[in-house]
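Visitor: Quick one: this structure, given as structure tokens, is what I'll be asking you about.
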Amino acid sequence: MSATSYSGVVSQTKLLGSNLNCSTHRRFPTSCRLSEGSQDLEKSTSRVFLSSCSSRSDKKNGMLLGRSHHCSPIEKRNPVGQTFCSLGACTHSGVDVESNSHATEERVGVLLLNLGGPDTLDDVQPFLFNLFADPDIIRLPRLFRFLQKPLAKLISVSRAPKSKEGYASIGGGSPLRKITDEQADALKMALEAKNMPVNVYVGMRYWYPFTEEAIQQIKRDRITRLVVLPLYPQFSISTTGSSIRVMQNIFREDAYLSRLPVSIIKSWYQREGYIKSMADLIEKELTIFSKPEEVMIFFSAHGVPVSYVENAGDPYKDQMEECIYLIMQELKARGTFNEHTLAFQSRVGPVQWLKPYTDEVLVELGQKGVKSLLAVPVSFVSEHIETLEEIDMEYKELALESGIENWGRVPALGCTSSFIMDLADAVIEALPSATAMSTSRNTSEAVDQDPMRYVIKMFFGSILAFVLLLSPKMLVAFRNKLF
């Protein structure tokens with residue numbers, strides 16, 4: 001069955017005096033609802049729900065919601081050529097969408113961006129291929145970028161069996177899509193409660209519903225202003241940066257989208273609502289221990305290659321360290337003075353990743369006599385394989401083997417009420433600054449359009465590929481280092 005998408009129009013209502021209630025479950029903390037309370041059932045603008053179906057199996061309806069933040073005085077340049085603001089709210093200069101006095105009512109859209117994950121075990125290998133085919137994940141020299149897809153195929157086929165075991169252990173697929181859909185619904189309700197009707201869309205980078213699908217639905221719905229909210233608290237070129245690059249490419253080639261006012265919330269780890277929500281979860285889990293004051297708070301963040309930070313200017317490491325500082329300051333203000341440490345998980349391949357590594361630090365803590373440890377997945381706002389399998393199973397087993405006797409883990413934020421309400425505030429704050437995205441090509445893209453340079457790259461790249469194919473020992477050595 002060819003890939004298809006469909007939309008259903010649901011009348012939107014204005015909710016007054018409603019309360020957002022969310023329950024958190026250790027394994028799948030995704031149950032959210034908005035209590036009905038007093039509701040004004042007067043119909044307003046309609047909301048279109050985005051749904052997509054894969055070519056092999058029916059895919060659930062998905063949506064994304066956007067967030068905004070105000071820029072701090074400190075700015076950096078991100079790898080995709082846009083101004084990075086450490087507090088997250090960034091806008092793109094350009095020409096506003098043309099309007100006339102007879103235009104229809106304004107339609108506001110919020111696009112939630114996330115990584116995506118395989119829905120079934122059969123999806124694991126193609127999901128991995130999409131992941132490793134991303135030039136922001138495996139950064140090949142420009143000369144050899146035509147090898148990106150063959151290399152992604154090799155890696156995805158080789159890693160699929162082990163990855164399938166991991167997904168099988170958490171139920172046969174990733175819960176990320178289900179959770180993100182529920183966060184989208186909760187955010188929509190929170191915005192409606194604040195008298196802000198919006199269309200909310202979900203766009204995944206590497207699996208259904210893809211970001212490209214969500215953007216096309218945004219165009220079909222004739223959205224007039226858009227807030228883009230990546231569900232990554234900290235900015236990295238491999239997460240938020242990659243999704244923004246995809247958006248830029250699509251918007252640049254489309255006359256309507258290129259004029260659409262957009263506000264991108266590039267990071268939001270400094271928001272008070274996020275910091276307080278994290279502190280709330282940590283405090284709650286500490287009470288489970290018999291001696292809470294003796295518990296080591298162990299922040300585990302997803303790692304990135306060191307080269308991203310040192311060579312490409314990725315602000316991820318600095319933002320992560322500042323985030324941990326802010327969370328600990330909030331805890332100290334509440335009278336919690338536990339020791340803490342930060343480590344990085346999920347490294348892949350032969351290159352050096354951000355240190356210290358989570359597995360190595362767990363062993364060291366056990367050797368130092370730490371007996372009680374509370375793991376905090378600080379770079380994740382939804383449960384997925386890195387929390388449910390890597391932390392809850394692999395790292396827990398390693399910690400207990402290393403001498404740690406009491407283990408606990410803070411759940412991901414999921415649909416935590418205070419967290420969702422803060423995201424709603426971020427969207428409202430970002431919306432007024434939305435402007436059209438830039439449509440100019442950067443220097444590297446212009447170089448790639450040069451026919452002579454392309455021929456030269458193909459020539460030398462083919463030589464390299466030929467050498468690799470005729471050198472099994474080199475290929476085996478590469479695979480052994482990579483896997």
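Ordered as shown in the structure tokens, chains take letters A, B, and onward, while each chain numbers its residues from 1 and ligands are numbered from 1 in the order shown.
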Write out as a ChimeraX atom specification all residues of segment 353-447 of chain A that backbone DSSP assigns to helix (DSSP H, G or I).
Guide: /A:358-367,385-401,417-433,443-447
Visitor: Residues at most 9 Å from segment 321-331 of chain A, counting only C-alpha atoms, excluding those fewer than 2 positions away in the same chain, as number ranges by chain?
Guide: A: 233-234, 269-270, 275-276, 278-280, 282-283, 299, 316-319, 333-338, 340-342, 378
Visitor: Let me see the file: selected residues, N, CA and C atoms, as a tab-separated table (two decimals), in the first residue's frame.
Guide:
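To be explicit, this is the file written out as out-v9.tsv:
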chain	number	residue	atom	x	y	z
A	233	PRO	N	15.14	19.78	25.09
A	233	PRO	CA	15.38	20.97	25.91
A	233	PRO	C	16.64	21.74	25.48
A	234	GLN	N	17.70	21.01	25.12
A	234	GLN	CA	18.95	21.63	24.72
A	234	GLN	C	19.12	21.53	23.20
A	269	TYR	N	15.81	24.90	27.85
A	269	TYR	CA	16.28	24.28	29.10
A	269	TYR	C	16.32	25.26	30.26
A	270	GLN	N	16.33	26.56	29.97
A	270	GLN	CA	16.41	27.57	31.04
A	270	GLN	C	15.04	28.03	31.53
A	275	ILE	N	12.54	23.78	34.62
A	275	ILE	CA	13.44	23.55	35.76
A	275	ILE	C	12.64	23.10	36.98
A	276	LYS	N	11.56	23.78	37.26
A	276	LYS	CA	10.75	23.42	38.43
A	276	LYS	C	10.10	22.04	38.26
A	278	MET	N	11.30	19.50	36.58
A	278	MET	CA	12.36	18.51	36.80
A	278	MET	C	12.65	18.36	38.29
A	279	ALA	N	12.72	19.48	39.00
A	279	ALA	CA	12.99	19.44	40.43
A	279	ALA	C	11.86	18.73	41.18
A	280	ASP	N	10.63	18.93	40.74
A	280	ASP	CA	9.49	18.25	41.37
A	280	ASP	C	9.64	16.73	41.26
A	282	ILE	N	12.35	14.95	40.74
A	282	ILE	CA	13.51	14.47	41.51
A	282	ILE	C	13.16	14.38	42.99
A	283	GLU	N	12.53	15.43	43.52
A	283	GLU	CA	12.13	15.42	44.93
A	283	GLU	C	11.20	14.25	45.24
A	299	PHE	N	22.70	12.47	36.79
A	299	PHE	CA	22.12	12.96	35.54
A	299	PHE	C	22.77	12.24	34.37
A	316	TYR	N	25.58	22.17	22.71
A	316	TYR	CA	24.89	21.17	23.53
A	316	TYR	C	25.55	20.96	24.89
A	317	LYS	N	26.85	20.78	24.92
A	317	LYS	CA	27.55	20.50	26.18
A	317	LYS	C	27.40	21.66	27.17
A	318	ASP	N	27.60	22.88	26.70
A	318	ASP	CA	27.47	24.05	27.58
A	318	ASP	C	26.05	24.18	28.11
A	319	GLN	N	25.07	23.97	27.23
A	319	GLN	CA	23.69	24.08	27.66
A	319	GLN	C	23.32	22.99	28.66
A	333	ALA	N	17.42	25.50	46.74
A	333	ALA	CA	16.48	26.51	47.25
A	333	ALA	C	15.34	25.86	48.02
A	334	ARG	N	15.07	24.59	47.74
A	334	ARG	CA	14.01	23.85	48.43
A	334	ARG	C	14.54	23.05	49.62
A	335	GLY	N	15.85	23.15	49.87
A	335	GLY	CA	16.43	22.44	51.00
A	335	GLY	C	16.99	21.07	50.68
A	336	THR	N	17.19	20.77	49.40
A	336	THR	CA	17.77	19.48	48.99
A	336	THR	C	19.21	19.72	48.57
A	337	PHE	N	20.15	19.09	49.28
A	337	PHE	CA	21.57	19.37	49.05
A	337	PHE	C	22.36	18.11	48.68
A	338	ASN	N	21.72	17.19	47.98
A	338	ASN	CA	22.38	15.94	47.59
A	338	ASN	C	23.54	16.20	46.62
A	340	HIS	N	25.68	15.40	43.27
A	340	HIS	CA	25.20	15.04	41.93
A	340	HIS	C	26.38	14.90	40.97
A	341	THR	N	26.11	14.28	39.85
A	341	THR	CA	27.12	14.17	38.80
A	341	THR	C	26.41	14.05	37.46
A	342	LEU	N	27.12	14.36	36.38
A	342	LEU	CA	26.59	14.30	35.03
A	342	LEU	C	27.45	13.37	34.19
A	378	VAL	N	18.10	13.48	31.80
A	378	VAL	CA	17.87	14.92	31.73
A	378	VAL	C	17.61	15.42	30.31
Visitor: Hey, what's within 12 Å of Ser402 of chain A if we count only C-alpha atoms and toss same-chain stuff fewer than 2 positions away? As a VMD selection string, please?
Guide: chain A and resid 359 to 373 395 to 400 404 to 407
Visitor: Just give me the gap between atom CA of Gln183 of chain A and atom CA of Ser258 of chain A in Å, one decimal is fine.
Guide: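 Atom-to-atom, atom CA of Gln183 of chain A and atom CA of Ser258 of chain A are spaced 27.9 Å apart.
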Visitor: What are the nearest atom pairs, with distances in Å to one decimal, for all residues of segment 216-277 of chain A that come at most 12 Å from segment 117-136 of chain A, using only C-alpha atoms, set out by chain and rising residue number as a Markdown table?
Guide:
| residue | atom | partner | partner_atom | distance |
| --- | --- | --- | --- | --- |
| A:Ser236 | CA | A:Asp136 | CA | 9.8 |
| A:Ile237 | CA | A:Asp136 | CA | 6.6 |
| A:Ser238 | CA | A:Asp136 | CA | 5.2 |
| A:Thr239 | CA | A:Asp136 | CA | 8.3 |
| A:Thr240 | CA | A:Asp136 | CA | 10.2 |
| A:Gly241 | CA | A:Asp136 | CA | 8.0 |
| A:Ser242 | CA | A:Asp136 | CA | 5.9 |
| A:Ser243 | CA | A:Asp136 | CA | 9.5 |
| A:Ile244 | CA | A:Asp136 | CA | 11.0 |
| A:Arg245 | CA | A:Asp136 | CA | 9.2 |
| A:Val246 | CA | A:Asp134 | CA | 10.2 |
Visitor: Counting only C-alpha atoms, figure out which residue out of A:Ile250, A:Leu231, A:Leu113, A:Val410 gets nearest to Leu388 of chain A.
Guide: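 Counting only C-alpha atoms, the residue closest to Leu388 of chain A is A:Val410.
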